[in-house]
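Source file: my_file_3.txt (compact mmCIF, C-alpha atoms)
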```
# COMPACT_ATOMS: atom_id res chain seq x y z
CA MET W 7 -82.65 -114.36 -66.06
CA HIS W 8 -81.74 -110.87 -67.23
CA LEU W 9 -78.23 -112.05 -67.97
CA ARG W 10 -79.58 -114.92 -70.05
CA LYS W 11 -81.78 -112.55 -72.06
CA LEU W 12 -78.81 -110.27 -72.63
CA ILE W 13 -76.71 -113.19 -73.90
CA VAL W 14 -79.47 -114.31 -76.28
CA THR W 15 -79.91 -110.75 -77.59
CA LEU W 16 -76.17 -110.37 -78.15
CA ALA W 17 -76.02 -113.74 -79.91
CA THR W 18 -78.94 -112.69 -82.12
CA LEU W 19 -77.20 -109.44 -83.07
CA ALA W 20 -73.97 -111.28 -83.79
CA LEU W 21 -75.74 -113.77 -86.06
CA LEU W 22 -77.62 -111.05 -87.92
CA SER W 23 -74.50 -109.00 -88.51
CA GLY W 24 -72.68 -112.17 -89.59
CA GLY W 25 -75.43 -112.87 -92.12
CA ALA W 26 -75.26 -109.32 -93.41
CA VAL W 27 -71.47 -109.51 -93.84
CA ALA W 28 -71.77 -112.85 -95.65
CA GLY W 29 -74.40 -111.32 -97.94
CA ALA W 30 -72.23 -108.32 -98.67
CA VAL W 31 -69.24 -110.56 -99.46
CA ALA W 32 -71.34 -112.81 -101.70
CA SER W 33 -72.86 -109.92 -103.65
CA GLY W 34 -69.45 -108.35 -104.02
CA SER W 35 -67.85 -111.54 -105.31
CA THR W 36 -68.54 -110.83 -108.97
CA PRO W 37 -65.49 -111.80 -111.03
CA THR W 38 -63.83 -108.54 -111.99
CA PRO W 39 -61.37 -107.96 -114.79
CA ALA W 40 -57.67 -107.81 -114.01
CA ALA W 41 -56.21 -104.48 -112.99
CA THR W 42 -54.21 -104.09 -116.19
CA THR W 43 -55.92 -101.81 -118.67
CA THR W 44 -56.64 -103.40 -122.01
CA CYS W 45 -59.21 -102.75 -124.69
CA SER W 46 -61.47 -105.54 -123.47
CA ASP W 47 -61.27 -104.27 -119.88
CA GLN W 48 -62.35 -100.79 -120.90
CA GLU W 49 -65.27 -102.21 -122.82
CA GLY W 50 -66.21 -104.54 -119.97
CA GLN W 51 -66.62 -101.60 -117.62
CA GLN W 52 -69.63 -100.36 -119.58
CA GLY W 53 -72.66 -102.38 -118.46
CA GLY W 54 -74.15 -104.45 -121.27
CA SER W 55 -71.78 -103.05 -123.89
CA ASP W 56 -70.29 -106.47 -124.63
CA GLU W 57 -73.66 -107.78 -125.79
CA GLN W 58 -74.21 -104.62 -127.84
CA GLU W 59 -70.71 -104.96 -129.30
CA ALA W 60 -71.35 -108.60 -130.23
CA ALA W 61 -74.72 -107.80 -131.80
CA THR W 62 -73.23 -104.96 -133.85
CA GLU W 63 -70.17 -106.92 -135.00
CA VAL W 64 -72.17 -110.02 -135.97
CA GLU W 65 -74.68 -107.98 -137.98
CA GLN W 66 -71.89 -105.99 -139.66
CA ALA W 67 -70.08 -109.21 -140.54
CA ALA W 68 -73.34 -110.62 -141.92
CA THR W 69 -73.67 -107.56 -144.17
CA GLU W 70 -70.04 -107.90 -145.35
CA VAL W 71 -70.45 -111.62 -146.12
CA ASP W 72 -73.70 -110.93 -147.96
CA GLN W 73 -72.09 -108.19 -150.08
CA GLU W 74 -69.03 -110.34 -150.78
CA ALA W 75 -71.21 -113.30 -151.80
CA ALA W 76 -73.17 -111.15 -154.25
CA SER W 77 -70.09 -109.41 -155.61
CA GLU W 78 -68.85 -110.32 -159.06
CA GLN W 79 -65.38 -109.08 -158.20
CA ALA W 80 -62.73 -111.82 -158.22
CA ASP W 81 -61.36 -113.03 -154.88
CA ASP W 82 -57.97 -111.81 -153.66
CA GLN W 83 -56.31 -115.22 -153.99
CA ALA W 84 -52.80 -114.00 -153.18
CA GLY W 85 -53.97 -112.34 -149.97
CA ASP W 86 -56.17 -115.30 -149.11
CA ASP W 87 -53.17 -117.66 -149.23
CA GLN W 88 -51.16 -115.60 -146.73
CA GLY W 89 -51.16 -116.12 -142.97
CA ASP W 90 -54.30 -115.71 -140.88
CA ASN W 91 -53.11 -112.41 -139.38
CA ASN W 92 -53.10 -110.65 -142.73
CA ASP W 93 -56.66 -109.35 -142.32
CA ASP W 94 -55.86 -107.94 -138.91
CA GLN W 95 -52.89 -105.77 -139.88
CA GLY W 96 -53.36 -102.31 -138.46
CA GLU W 97 -56.56 -103.35 -136.70
CA ASP W 98 -55.25 -104.58 -133.34
CA GLN W 99 -53.31 -101.48 -132.42
CA ASN W 100 -56.29 -99.46 -131.36
CA CYS W 101 -59.55 -100.32 -129.66
CA ASP W 102 -62.04 -99.00 -132.13
CA GLY W 103 -61.56 -102.12 -134.30
CA MET C 29 -83.69 -121.23 -76.96
CA GLY C 30 -86.53 -120.60 -79.38
CA LEU C 31 -85.23 -117.09 -79.85
CA ALA C 32 -81.79 -118.41 -80.73
CA THR C 33 -83.25 -120.74 -83.38
CA LEU C 34 -85.24 -117.85 -84.83
CA SER C 35 -82.07 -115.79 -84.95
CA CYS C 36 -80.26 -118.50 -86.90
CA LEU C 37 -83.13 -118.73 -89.39
CA ALA C 38 -83.22 -114.93 -89.79
CA ALA C 39 -79.49 -114.76 -90.44
CA GLY C 40 -79.75 -117.54 -93.00
CA ALA C 41 -82.68 -115.88 -94.75
CA LEU C 42 -80.77 -112.58 -94.91
CA SER C 43 -77.83 -114.16 -96.69
CA LEU C 44 -79.89 -116.10 -99.26
CA PRO C 45 -80.86 -113.22 -101.62
CA ALA C 46 -77.26 -112.05 -101.73
CA LEU C 47 -76.11 -115.54 -102.74
CA GLY C 48 -78.76 -115.49 -105.47
CA ASN C 49 -77.39 -112.20 -106.76
CA ALA C 50 -73.95 -113.80 -106.85
CA SER C 51 -75.22 -116.49 -109.25
CA ASP C 52 -76.80 -113.91 -111.53
CA ALA C 53 -73.59 -111.87 -111.36
CA THR C 54 -71.65 -114.95 -112.51
CA LEU C 55 -74.13 -115.37 -115.34
CA ARG C 56 -73.72 -111.70 -116.32
CA ALA C 57 -69.91 -112.01 -116.29
CA THR C 58 -70.03 -115.21 -118.39
CA LEU C 59 -72.40 -113.64 -120.90
CA SER C 60 -70.19 -110.55 -121.11
CA GLN C 61 -67.02 -112.57 -121.61
CA TRP C 62 -68.45 -114.73 -124.40
CA SER C 63 -70.16 -111.80 -126.09
CA HIS C 64 -66.79 -110.07 -126.28
CA ARG C 65 -65.12 -113.15 -127.79
CA ILE C 66 -67.90 -113.57 -130.33
CA ALA C 67 -67.62 -109.87 -131.25
CA LEU C 68 -63.89 -110.24 -131.97
CA ASP C 69 -64.47 -113.36 -134.07
CA ALA C 70 -67.25 -111.68 -136.04
CA HIS C 71 -65.05 -108.65 -136.63
CA GLY C 72 -62.38 -110.89 -138.20
CA ILE C 73 -64.96 -112.57 -140.44
CA GLY C 74 -66.20 -109.19 -141.63
CA LEU C 75 -62.64 -108.18 -142.51
CA SER C 76 -61.97 -111.42 -144.40
CA ALA C 77 -65.20 -110.98 -146.34
CA ALA C 78 -64.52 -107.33 -147.13
CA ARG C 79 -61.03 -108.17 -148.38
CA ARG C 80 -62.37 -111.05 -150.50
CA HIS C 81 -60.49 -113.78 -148.65
CA PRO C 82 -63.07 -116.62 -148.73
CA ARG C 83 -60.73 -119.38 -147.50
CA ARG C 84 -59.80 -117.39 -144.44
CA MET C 85 -63.43 -116.46 -143.95
CA ILE C 86 -64.41 -120.14 -143.97
CA ARG C 87 -61.79 -120.96 -141.33
CA ARG C 88 -62.95 -118.09 -139.16
CA ALA C 89 -66.62 -118.95 -139.66
CA ARG C 90 -65.96 -122.50 -138.43
CA HIS C 91 -64.14 -121.09 -135.43
CA PHE C 92 -67.03 -118.68 -134.82
CA ARG C 93 -69.48 -121.60 -134.80
CA LEU C 94 -67.32 -123.52 -132.30
CA GLU C 95 -67.07 -120.44 -130.08
CA ALA C 96 -70.86 -119.99 -130.15
CA LEU C 97 -71.30 -123.63 -129.09
CA ARG C 98 -68.69 -123.18 -126.33
CA ALA C 99 -70.51 -120.07 -125.14
CA ARG C 100 -73.74 -122.09 -124.91
CA HIS C 101 -71.94 -124.76 -122.91
CA ALA C 102 -70.43 -122.21 -120.52
CA LEU C 103 -73.76 -120.44 -119.97
CA ALA C 104 -75.64 -123.69 -119.43
CA ALA C 105 -73.21 -124.55 -116.63
CA VAL C 106 -74.16 -121.43 -114.61
CA GLN C 107 -77.14 -121.90 -112.31
CA PRO C 108 -79.13 -118.65 -112.07
CA SER C 109 -81.14 -118.26 -108.91
CA SER C 110 -83.60 -115.54 -109.85
CA ALA C 111 -86.45 -115.75 -112.34
CA ARG C 112 -84.83 -112.97 -114.40
CA GLY C 113 -81.59 -114.92 -114.44
CA ARG C 114 -83.35 -118.06 -115.65
CA ARG C 115 -85.10 -116.13 -118.42
CA ALA C 116 -81.83 -114.46 -119.39
CA THR C 117 -80.16 -117.86 -119.61
CA ARG C 118 -82.88 -119.17 -121.93
CA LEU C 119 -82.55 -116.12 -124.18
CA ALA C 120 -78.74 -116.27 -124.22
CA LEU C 121 -78.73 -119.99 -125.06
CA ALA C 122 -81.12 -119.33 -127.95
CA ALA C 123 -78.93 -116.41 -129.09
CA PHE C 124 -75.76 -118.50 -129.23
CA SER C 125 -77.65 -121.33 -130.98
CA ASP C 126 -78.60 -118.82 -133.66
CA TYR C 127 -74.99 -117.62 -133.84
CA ALA C 128 -73.81 -121.23 -134.31
CA ILE C 129 -76.15 -121.46 -137.31
CA VAL C 130 -74.77 -118.12 -138.56
CA GLY C 131 -71.24 -119.53 -138.43
CA ARG C 132 -72.26 -122.62 -140.38
CA GLN C 133 -74.07 -120.57 -143.03
CA TRP C 134 -71.08 -118.23 -143.40
CA ALA C 135 -68.79 -121.24 -143.96
CA LEU C 136 -71.22 -122.69 -146.53
CA SER C 137 -71.42 -119.32 -148.26
CA GLY C 138 -67.63 -119.14 -148.51
CA ARG C 139 -67.43 -122.67 -149.92
CA ALA C 140 -70.09 -121.89 -152.51
CA ARG C 141 -68.19 -118.72 -153.42
CA LEU C 142 -64.98 -120.72 -153.93
CA ARG C 143 -66.84 -123.09 -156.25
CA GLY C 144 -68.25 -120.22 -158.25
CA LEU C 145 -71.82 -120.91 -157.09
CA ARG C 146 -72.84 -117.30 -156.57
CA ALA C 147 -76.57 -117.91 -156.08
CA ALA C 148 -75.87 -120.51 -153.41
CA ALA C 149 -73.31 -118.22 -151.75
CA VAL C 150 -75.88 -115.41 -151.62
CA GLY C 151 -78.55 -117.79 -150.29
CA HIS C 152 -76.37 -118.97 -147.41
CA ALA C 153 -75.24 -115.41 -146.65
CA ARG C 154 -78.86 -114.17 -146.51
CA LEU C 155 -79.85 -117.02 -144.21
CA ALA C 156 -76.87 -116.17 -141.99
CA ALA C 157 -77.94 -112.52 -141.88
CA ARG C 158 -81.46 -113.53 -140.82
CA TYR C 159 -80.16 -115.70 -137.97
CA ALA C 160 -77.66 -112.99 -137.04
CA ARG C 161 -80.46 -110.46 -136.55
CA ALA C 162 -82.53 -112.93 -134.52
CA GLY C 163 -79.53 -113.96 -132.40
CA SER C 164 -78.55 -110.37 -131.72
CA ARG C 165 -82.08 -109.47 -130.58
CA LEU C 166 -82.04 -112.41 -128.16
CA LEU C 167 -78.56 -111.56 -126.89
CA LEU C 168 -79.47 -107.94 -126.20
CA ALA C 169 -82.66 -109.00 -124.42
CA ALA C 170 -80.67 -111.43 -122.26
CA GLY C 171 -78.15 -108.73 -121.36
CA LYS C 172 -80.91 -106.26 -120.49
CA LEU C 173 -82.48 -108.75 -118.06
CA LEU C 174 -79.19 -109.05 -116.18
CA ARG C 175 -78.55 -105.31 -115.77
```
Go through the file and emit its structure as structure tokens.
Amino acid sequence: MHLRKLIVTLATLALLSGGAVAGAVASGSTPTPAATTTCSDQEGQQGGSDEQEAATEVEQAATEVDQEAASEQADDQAGDDQGDNNDDQGEDQNCDG
Amino acid sequence: MGLATLSCLAAGALSLPALGNASDATLRATLSQWSHRIALDAHGIGLSAARRHPRRMIRRARHFRLEALRARHALAAVQPSSARGRRATRLALAAFSDYAIVGRQWALSGRARLRGLRAAAVGHARLAARYARAGSRLLLAAGKLLR
């Protein structure tokens, strides 16, 4: 009888520790960025900074579009006809965009 | 035998909250990823506007709208398990809906600008700015809930 109780107790402990390990694995299974260091990785390491970054960029862009719409200055037609990367020249080299 | 059954139930119950956290962690990662993409797109639109390149701005604004809709789709596919996660999802979906409207209004503003309709261009730009502020508030609130 004592042996049976011992077996049941051991089985209980094994199951509980198994559950705990499964829990730890599940909570640690958050997709993490790749090991290579890029601008987006550095930003992703700061909790919630991506949402803040998006909010800031969208509101800044809204201000720029608003100012451009109200501006009486003529459009830069020559620049507008060039390739899509023209606006980004000198912007992608660093992370402070 | 009753003790063994109880043990199984206890082990299962222990692992459930952790699995729930995993779903919310997936939601947080998805929100982070799409926020970053939207930020890059918005940055490009700001540059095009500042450099008075309305055609390019229109193209980017359309892309921005599509990205906002894709973000909504991706977030809707994640099943949060906690109440905070569910609330965060609702807020994030509303945020990206607002951003989709922002993209459309930016494109309309650029088109009006190209046609020389300055008042219309300003009107669309102001509407975009209003939705941008609302969307950003919702996005930040969603992110805060998941921290």
Find the residues near region 81-90 of chain C: any atom within 6 Å, counting all atoms listed in the file, skip ones fewer than 5 places away on the same chain, and give them as an mmCIF file with C-alpha atoms, in the frame of the given file.
```
data_model
loop_
_atom_site.group_PDB
_atom_site.id
_atom_site.type_symbol
_atom_site.label_atom_id
_atom_site.label_comp_id
_atom_site.auth_asym_id
_atom_site.auth_seq_id
_atom_site.Cartn_x
_atom_site.Cartn_y
_atom_site.Cartn_z
ATOM 1 C CA ASP W 82 -57.970 -111.810 -153.660
ATOM 2 C CA ASP W 86 -56.170 -115.300 -149.110
ATOM 3 C CA ILE C 73 -64.960 -112.570 -140.440
ATOM 4 C CA SER C 76 -61.970 -111.420 -144.400
ATOM 5 C CA GLY C 131 -71.240 -119.530 -138.430
ATOM 6 C CA TRP C 134 -71.080 -118.230 -143.400
ATOM 7 C CA ALA C 135 -68.790 -121.240 -143.960
ATOM 8 C CA GLY C 138 -67.630 -119.140 -148.510
#
```
Surrounding residues of Ala77 (chain C) excluding itself and chain neighbours under 2 positions, 6 Å, all atoms listed in the file, as a list in words: Glu70, Val71 and Glu74 of chain W; Gly74, Leu75, Arg79, Arg80 and His81 of chain C
Just the selected residues (C-alpha atoms), exported as a short mmCIF file (atom, residue, chain, number, x, y, z; two decimals), in the frame of the given file, please.
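Output file out-v4.cif is given in full below:
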```
data_model
loop_
_atom_site.label_atom_id
_atom_site.label_comp_id
_atom_site.auth_asym_id
_atom_site.auth_seq_id
_atom_site.Cartn_x
_atom_site.Cartn_y
_atom_site.Cartn_z
CA GLU W 70 -70.04 -107.90 -145.35
CA VAL W 71 -70.45 -111.62 -146.12
CA GLU W 74 -69.03 -110.34 -150.78
CA GLY C 74 -66.20 -109.19 -141.63
CA LEU C 75 -62.64 -108.18 -142.51
CA ARG C 79 -61.03 -108.17 -148.38
CA ARG C 80 -62.37 -111.05 -150.50
CA HIS C 81 -60.49 -113.78 -148.65
#
```
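Taking CA of Ala104 (chain C) and CA of Val130 (chain C) as endpoints, the distance between them is 19.9 Å.
Distance-wise, CA of Arg118 (chain C) and CA of Arg161 (chain C) end up 17.2 Å apart.
Proximity ranking of C:Ser137, C:Ser109, C:Ser164, C:Thr117 relative to Glu57 (chain W) places C:Ser164 first, based on all atoms listed in the file.
Put simply, CA of Gly151 (chain C) is 26.6 Å away from CA of Arg65 (chain C).
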Leaving out Arg115 (chain C) and any residue of its chain fewer than 2 positions from it, which residues lie within 12 Å of it when counting only C-alpha atoms, given as a PyMOL selection string? chain C and resi 52+55+107-113+117-122+166-167+169-174
Considering all atoms listed in the file, state which residue in the set C:Arg143, C:Arg98, C:Arg154, C:Arg114 is at the smallest distance from chain W. C:Arg154
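Distances here use all atoms listed in the file; by that measure, the residue among C:Ser51, C:Leu97, C:His64, C:Arg56 closest to chain W is C:His64.
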Select, from C:Ala116, C:Leu145, C:Ala157, C:Ala105, the residue with the minimum atom-to-atom distance to chain W, counting only C-alpha atoms. C:Ala157
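Among the candidates C:Ala123, C:Ala53, C:Ile129, C:Leu155, the one nearest to chain W when counting all atoms listed in the file is C:Ala53.
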Add whatever atoms are absent from region 55-89 of chain C to reach N, CA and C atoms, and provide the output as an mmCIF file, in the coordinates of the input.
```
data_model
loop_
_atom_site.group_PDB
_atom_site.id
_atom_site.type_symbol
_atom_site.label_atom_id
_atom_site.label_comp_id
_atom_site.auth_asym_id
_atom_site.auth_seq_id
_atom_site.Cartn_x
_atom_site.Cartn_y
_atom_site.Cartn_z
ATOM 1 N N LEU C 55 -73.493 -115.228 -114.025
ATOM 2 C CA LEU C 55 -74.130 -115.370 -115.340
ATOM 3 C C LEU C 55 -73.843 -114.129 -116.205
ATOM 4 N N ARG C 56 -73.957 -112.955 -115.590
ATOM 5 C CA ARG C 56 -73.720 -111.700 -116.320
ATOM 6 C C ARG C 56 -72.264 -111.641 -116.797
ATOM 7 N N ALA C 57 -71.332 -112.044 -115.917
ATOM 8 C CA ALA C 57 -69.910 -112.010 -116.290
ATOM 9 C C ALA C 57 -69.626 -113.001 -117.417
ATOM 10 N N THR C 58 -70.241 -114.190 -117.346
ATOM 11 C CA THR C 58 -70.030 -115.210 -118.390
ATOM 12 C C THR C 58 -70.584 -114.725 -119.724
ATOM 13 N N LEU C 59 -71.777 -114.147 -119.676
ATOM 14 C CA LEU C 59 -72.400 -113.640 -120.900
ATOM 15 C C LEU C 59 -71.538 -112.528 -121.518
ATOM 16 N N SER C 60 -71.026 -111.663 -120.666
ATOM 17 C CA SER C 60 -70.190 -110.550 -121.110
ATOM 18 C C SER C 60 -68.919 -111.068 -121.781
ATOM 19 N N GLN C 61 -68.292 -112.019 -121.116
ATOM 20 C CA GLN C 61 -67.020 -112.570 -121.610
ATOM 21 C C GLN C 61 -67.200 -113.219 -122.988
ATOM 22 N N TRP C 62 -68.247 -114.037 -123.123
ATOM 23 C CA TRP C 62 -68.450 -114.730 -124.400
ATOM 24 C C TRP C 62 -68.955 -113.796 -125.487
ATOM 25 N N SER C 63 -69.706 -112.784 -125.100
ATOM 26 C CA SER C 63 -70.160 -111.800 -126.090
ATOM 27 C C SER C 63 -68.946 -111.084 -126.681
ATOM 28 N N HIS C 64 -67.993 -110.756 -125.815
ATOM 29 C CA HIS C 64 -66.790 -110.070 -126.280
ATOM 30 C C HIS C 64 -65.998 -110.944 -127.244
ATOM 31 N N ARG C 65 -65.864 -112.227 -126.908
ATOM 32 C CA ARG C 65 -65.120 -113.150 -127.790
ATOM 33 C C ARG C 65 -65.806 -113.292 -129.137
ATOM 34 N N ILE C 66 -67.123 -113.427 -129.090
ATOM 35 C CA ILE C 66 -67.900 -113.570 -130.330
ATOM 36 C C ILE C 66 -67.774 -112.309 -131.179
ATOM 37 N N ALA C 67 -67.747 -111.145 -130.518
ATOM 38 C CA ALA C 67 -67.620 -109.870 -131.250
ATOM 39 C C ALA C 67 -66.287 -109.828 -131.990
ATOM 40 N N LEU C 68 -65.211 -110.244 -131.325
ATOM 41 C CA LEU C 68 -63.890 -110.240 -131.970
ATOM 42 C C LEU C 68 -63.855 -111.188 -133.161
ATOM 43 N N ASP C 69 -64.436 -112.378 -132.972
ATOM 44 C CA ASP C 69 -64.470 -113.360 -134.070
ATOM 45 C C ASP C 69 -65.260 -112.819 -135.261
ATOM 46 N N ALA C 70 -66.405 -112.212 -134.976
ATOM 47 C CA ALA C 70 -67.250 -111.680 -136.040
ATOM 48 C C ALA C 70 -66.529 -110.553 -136.781
ATOM 49 N N HIS C 71 -65.795 -109.750 -136.017
ATOM 50 C CA HIS C 71 -65.050 -108.650 -136.630
ATOM 51 C C HIS C 71 -64.049 -109.194 -137.662
ATOM 52 N N GLY C 72 -63.346 -110.260 -137.289
ATOM 53 C CA GLY C 72 -62.380 -110.890 -138.200
ATOM 54 C C GLY C 72 -63.059 -111.430 -139.451
ATOM 55 N N ILE C 73 -64.229 -112.019 -139.288
ATOM 56 C CA ILE C 73 -64.960 -112.570 -140.440
ATOM 57 C C ILE C 73 -65.374 -111.442 -141.392
ATOM 58 N N GLY C 74 -65.827 -110.349 -140.815
ATOM 59 C CA GLY C 74 -66.200 -109.190 -141.630
ATOM 60 C C GLY C 74 -65.019 -108.680 -142.446
ATOM 61 N N LEU C 75 -63.842 -108.635 -141.809
ATOM 62 C CA LEU C 75 -62.640 -108.180 -142.510
ATOM 63 C C LEU C 75 -62.271 -109.126 -143.651
ATOM 64 N N SER C 76 -62.304 -110.431 -143.363
ATOM 65 C CA SER C 76 -61.970 -111.420 -144.400
ATOM 66 C C SER C 76 -62.928 -111.299 -145.575
ATOM 67 N N ALA C 77 -64.202 -111.100 -145.261
ATOM 68 C CA ALA C 77 -65.200 -110.980 -146.340
ATOM 69 C C ALA C 77 -64.947 -109.714 -147.147
ATOM 70 N N ALA C 78 -64.722 -108.604 -146.444
ATOM 71 C CA ALA C 78 -64.520 -107.330 -147.130
ATOM 72 C C ALA C 78 -63.284 -107.356 -148.020
ATOM 73 N N ARG C 79 -62.277 -108.112 -147.596
ATOM 74 C CA ARG C 79 -61.030 -108.170 -148.380
ATOM 75 C C ARG C 79 -61.020 -109.329 -149.379
ATOM 76 N N ARG C 80 -62.160 -109.952 -149.543
ATOM 77 C CA ARG C 80 -62.370 -111.050 -150.500
ATOM 78 C C ARG C 80 -61.363 -112.187 -150.272
ATOM 79 N N HIS C 81 -61.333 -112.644 -149.038
ATOM 80 C CA HIS C 81 -60.490 -113.780 -148.650
ATOM 81 C C HIS C 81 -61.411 -114.917 -148.192
ATOM 82 N N PRO C 82 -62.055 -115.626 -149.132
ATOM 83 C CA PRO C 82 -63.070 -116.620 -148.730
ATOM 84 C C PRO C 82 -62.520 -117.800 -147.924
ATOM 85 N N ARG C 83 -61.273 -118.238 -148.252
ATOM 86 C CA ARG C 83 -60.730 -119.380 -147.500
ATOM 87 C C ARG C 83 -60.562 -119.029 -146.018
ATOM 88 N N ARG C 84 -60.001 -117.842 -145.823
ATOM 89 C CA ARG C 84 -59.800 -117.390 -144.440
ATOM 90 C C ARG C 84 -61.147 -117.174 -143.744
ATOM 91 N N MET C 85 -62.100 -116.679 -144.516
ATOM 92 C CA MET C 85 -63.430 -116.460 -143.950
ATOM 93 C C MET C 85 -64.060 -117.781 -143.508
ATOM 94 N N ILE C 86 -63.850 -118.819 -144.322
ATOM 95 C CA ILE C 86 -64.410 -120.140 -143.970
ATOM 96 C C ILE C 86 -63.793 -120.636 -142.666
ATOM 97 N N ARG C 87 -62.461 -120.507 -142.557
ATOM 98 C CA ARG C 87 -61.790 -120.960 -141.330
ATOM 99 C C ARG C 87 -62.332 -120.210 -140.111
ATOM 100 N N ARG C 88 -62.477 -118.910 -140.285
ATOM 101 C CA ARG C 88 -62.950 -118.090 -139.160
ATOM 102 C C ARG C 88 -64.424 -118.377 -138.844
ATOM 103 N N ALA C 89 -65.198 -118.657 -139.880
ATOM 104 C CA ALA C 89 -66.620 -118.950 -139.660
ATOM 105 C C ALA C 89 -66.769 -120.253 -138.869
#
```
